[in-house]
Amino acid sequence: MSNTEVVELATEMVLVLSEVPEDVYQQEKLMILLSAEHELVKQYWKQIFAAAEQRRPLLLECKS
């Protein structure tokens, strides 16, 4: 897999993750990060999730 293909795949993953509902996003993030056996893979996923979180709408919590 070339560097260009890796970048395209990561970009597509960021776009998909930025559009899923918050509960699904958090569940997938937790499962992926807990299942990553190699630190390099975990760091790669953390970068993808960080980019997706920048694109996700800000959720404001209202306290009554």
# chains A, B, ... in the order shown; residues from 1 in each chain; ligands from 1
>>> select_by_dssp(residues="chain A", states="alpha helix (DSSP H)", output="JSON list (two decimals) with N, CA and C atoms, in the first residue's frame")
[["chain", "number", "residue", "atom", "x", "y", "z"],
["A", 3, "ASN", "N", 1.95, 5.35, 0.24],
["A", 3, "ASN", "CA", 1.65, 6.43, 1.19],
["A", 3, "ASN", "C", 0.38, 7.18, 0.79],
["A", 4, "THR", "N", 0.20, 7.38, -0.50],
["A", 4, "THR", "CA", -0.99, 8.07, -0.99],
["A", 4, "THR", "C", -2.25, 7.30, -0.64],
["A", 5, "GLU", "N", -2.20, 5.98, -0.79],
["A", 5, "GLU", "CA", -3.36, 5.16, -0.46],
["A", 5, "GLU", "C", -3.66, 5.18, 1.03],
["A", 6, "VAL", "N", -2.62, 5.19, 1.85],
["A", 6, "VAL", "CA", -2.80, 5.26, 3.30],
["A", 6, "VAL", "C", -3.45, 6.59, 3.69],
["A", 7, "VAL", "N", -2.98, 7.67, 3.10],
["A", 7, "VAL", "CA", -3.56, 8.99, 3.38],
["A", 7, "VAL", "C", -5.02, 9.05, 2.93],
["A", 8, "GLU", "N", -5.32, 8.50, 1.77],
["A", 8, "GLU", "CA", -6.70, 8.50, 1.28],
["A", 8, "GLU", "C", -7.60, 7.68, 2.20],
["A", 9, "LEU", "N", -7.12, 6.54, 2.66],
["A", 9, "LEU", "CA", -7.89, 5.70, 3.56],
["A", 9, "LEU", "C", -8.12, 6.40, 4.90],
["A", 10, "ALA", "N", -7.09, 7.02, 5.44],
["A", 10, "ALA", "CA", -7.23, 7.75, 6.71],
["A", 10, "ALA", "C", -8.21, 8.91, 6.55],
["A", 11, "THR", "N", -8.16, 9.60, 5.43],
["A", 11, "THR", "CA", -9.08, 10.71, 5.18],
["A", 11, "THR", "C", -10.52, 10.22, 5.13],
["A", 12, "GLU", "N", -10.72, 9.11, 4.47],
["A", 12, "GLU", "CA", -12.08, 8.56, 4.39],
["A", 12, "GLU", "C", -12.57, 8.11, 5.76],
["A", 13, "MET", "N", -11.69, 7.54, 6.57],
["A", 13, "MET", "CA", -12.08, 7.12, 7.92],
["A", 13, "MET", "C", -12.45, 8.32, 8.77],
["A", 14, "VAL", "N", -11.71, 9.41, 8.64],
["A", 14, "VAL", "CA", -12.03, 10.64, 9.39],
["A", 14, "VAL", "C", -13.41, 11.15, 8.98],
["A", 15, "LEU", "N", -13.69, 11.17, 7.70],
["A", 15, "LEU", "CA", -14.99, 11.65, 7.23],
["A", 15, "LEU", "C", -16.13, 10.79, 7.74],
["A", 16, "VAL", "N", -15.97, 9.48, 7.70],
["A", 16, "VAL", "CA", -17.01, 8.58, 8.18],
["A", 16, "VAL", "C", -17.21, 8.74, 9.68],
["A", 17, "LEU", "N", -16.11, 8.76, 10.43],
["A", 17, "LEU", "CA", -16.21, 8.88, 11.89],
["A", 17, "LEU", "C", -16.80, 10.23, 12.32],
["A", 22, "GLU", "N", -22.95, 10.20, 18.11],
["A", 22, "GLU", "CA", -21.97, 10.28, 19.19],
["A", 22, "GLU", "C", -21.81, 8.97, 19.95],
["A", 23, "ASP", "N", -22.90, 8.29, 20.27],
["A", 23, "ASP", "CA", -22.79, 7.04, 21.03],
["A", 23, "ASP", "C", -22.06, 5.96, 20.23],
["A", 24, "VAL", "N", -22.33, 5.88, 18.95],
["A", 24, "VAL", "CA", -21.66, 4.91, 18.08],
["A", 24, "VAL", "C", -20.18, 5.28, 17.97],
["A", 25, "TYR", "N", -19.90, 6.55, 17.81],
["A", 25, "TYR", "CA", -18.52, 7.03, 17.70],
["A", 25, "TYR", "C", -17.71, 6.64, 18.95],
["A", 26, "GLN", "N", -18.26, 6.93, 20.11],
["A", 26, "GLN", "CA", -17.54, 6.63, 21.36],
["A", 26, "GLN", "C", -17.33, 5.13, 21.54],
["A", 27, "GLN", "N", -18.32, 4.34, 21.19],
["A", 27, "GLN", "CA", -18.21, 2.89, 21.30],
["A", 27, "GLN", "C", -17.13, 2.36, 20.35],
["A", 28, "GLU", "N", -17.14, 2.82, 19.11],
["A", 28, "GLU", "CA", -16.13, 2.38, 18.14],
["A", 28, "GLU", "C", -14.73, 2.82, 18.55],
["A", 29, "LYS", "N", -14.62, 4.04, 19.03],
["A", 29, "LYS", "CA", -13.32, 4.55, 19.47],
["A", 29, "LYS", "C", -12.76, 3.69, 20.60],
["A", 30, "LEU", "N", -13.59, 3.38, 21.56],
["A", 30, "LEU", "CA", -13.16, 2.57, 22.69],
["A", 30, "LEU", "C", -12.74, 1.17, 22.25],
["A", 31, "MET", "N", -13.56, 0.54, 21.41],
["A", 31, "MET", "CA", -13.24, -0.81, 20.94],
["A", 31, "MET", "C", -11.94, -0.84, 20.14],
["A", 32, "ILE", "N", -11.76, 0.12, 19.27],
["A", 32, "ILE", "CA", -10.55, 0.14, 18.42],
["A", 32, "ILE", "C", -9.31, 0.41, 19.25],
["A", 33, "LEU", "N", -9.37, 1.38, 20.15],
["A", 33, "LEU", "CA", -8.19, 1.70, 20.94],
["A", 33, "LEU", "C", -7.83, 0.59, 21.92],
["A", 34, "LEU", "N", -8.83, -0.09, 22.45],
["A", 34, "LEU", "CA", -8.55, -1.19, 23.37],
["A", 34, "LEU", "C", -8.03, -2.43, 22.66],
["A", 35, "SER", "N", -8.37, -2.59, 21.40],
["A", 35, "SER", "CA", -7.96, -3.79, 20.67],
["A", 35, "SER", "C", -6.62, -3.62, 19.94],
["A", 39, "GLU", "N", 1.68, -0.25, 19.77],
["A", 39, "GLU", "CA", 1.60, 1.17, 20.12],
["A", 39, "GLU", "C", 1.56, 2.05, 18.87],
["A", 40, "LEU", "N", 2.27, 1.68, 17.83],
["A", 40, "LEU", "CA", 2.27, 2.47, 16.59],
["A", 40, "LEU", "C", 0.86, 2.51, 15.98],
["A", 41, "VAL", "N", 0.19, 1.38, 15.99],
["A", 41, "VAL", "CA", -1.18, 1.31, 15.47],
["A", 41, "VAL", "C", -2.11, 2.16, 16.32],
["A", 42, "LYS", "N", -1.94, 2.10, 17.64],
["A", 42, "LYS", "CA", -2.77, 2.89, 18.55],
["A", 42, "LYS", "C", -2.56, 4.39, 18.31],
["A", 43, "GLN", "N", -1.31, 4.80, 18.10],
["A", 43, "GLN", "CA", -1.02, 6.21, 17.84],
["A", 43, "GLN", "C", -1.65, 6.66, 16.52],
["A", 44, "TYR", "N", -1.61, 5.80, 15.52],
["A", 44, "TYR", "CA", -2.24, 6.11, 14.22],
["A", 44, "TYR", "C", -3.73, 6.34, 14.41],
["A", 45, "TRP", "N", -4.39, 5.42, 15.13],
["A", 45, "TRP", "CA", -5.84, 5.57, 15.38],
["A", 45, "TRP", "C", -6.14, 6.82, 16.19],
["A", 46, "LYS", "N", -5.30, 7.14, 17.17],
["A", 46, "LYS", "CA", -5.52, 8.35, 17.97],
["A", 46, "LYS", "C", -5.48, 9.60, 17.09],
["A", 47, "GLN", "N", -4.59, 9.62, 16.10],
["A", 47, "GLN", "CA", -4.54, 10.75, 15.17],
["A", 47, "GLN", "C", -5.81, 10.82, 14.33],
["A", 48, "ILE", "N", -6.30, 9.68, 13.89],
["A", 48, "ILE", "CA", -7.53, 9.65, 13.11],
["A", 48, "ILE", "C", -8.70, 10.14, 13.95],
["A", 49, "PHE", "N", -8.81, 9.66, 15.20],
["A", 49, "PHE", "CA", -9.91, 10.09, 16.06],
["A", 49, "PHE", "C", -9.80, 11.58, 16.39],
["A", 50, "ALA", "N", -8.60, 12.08, 16.59],
["A", 50, "ALA", "CA", -8.42, 13.52, 16.88],
["A", 50, "ALA", "C", -8.89, 14.36, 15.70],
["A", 51, "ALA", "N", -8.56, 13.93, 14.49],
["A", 51, "ALA", "CA", -9.01, 14.67, 13.30],
["A", 51, "ALA", "C", -10.52, 14.59, 13.15],
["A", 52, "ALA", "N", -11.10, 13.43, 13.43],
["A", 52, "ALA", "CA", -12.56, 13.28, 13.34],
["A", 52, "ALA", "C", -13.25, 14.15, 14.38],
["A", 53, "GLU", "N", -12.69, 14.23, 15.58],
["A", 53, "GLU", "CA", -13.30, 15.04, 16.64],
["A", 53, "GLU", "C", -13.27, 16.53, 16.31],
["A", 54, "GLN", "N", -12.29, 16.97, 15.56],
["A", 54, "GLN", "CA", -12.25, 18.37, 15.14],
["A", 54, "GLN", "C", -13.37, 18.68, 14.16],
["A", 55, "ARG", "N", -13.81, 17.68, 13.42],
["A", 55, "ARG", "CA", -14.87, 17.86, 12.42],
["A", 55, "ARG", "C", -16.27, 17.65, 13.01]]
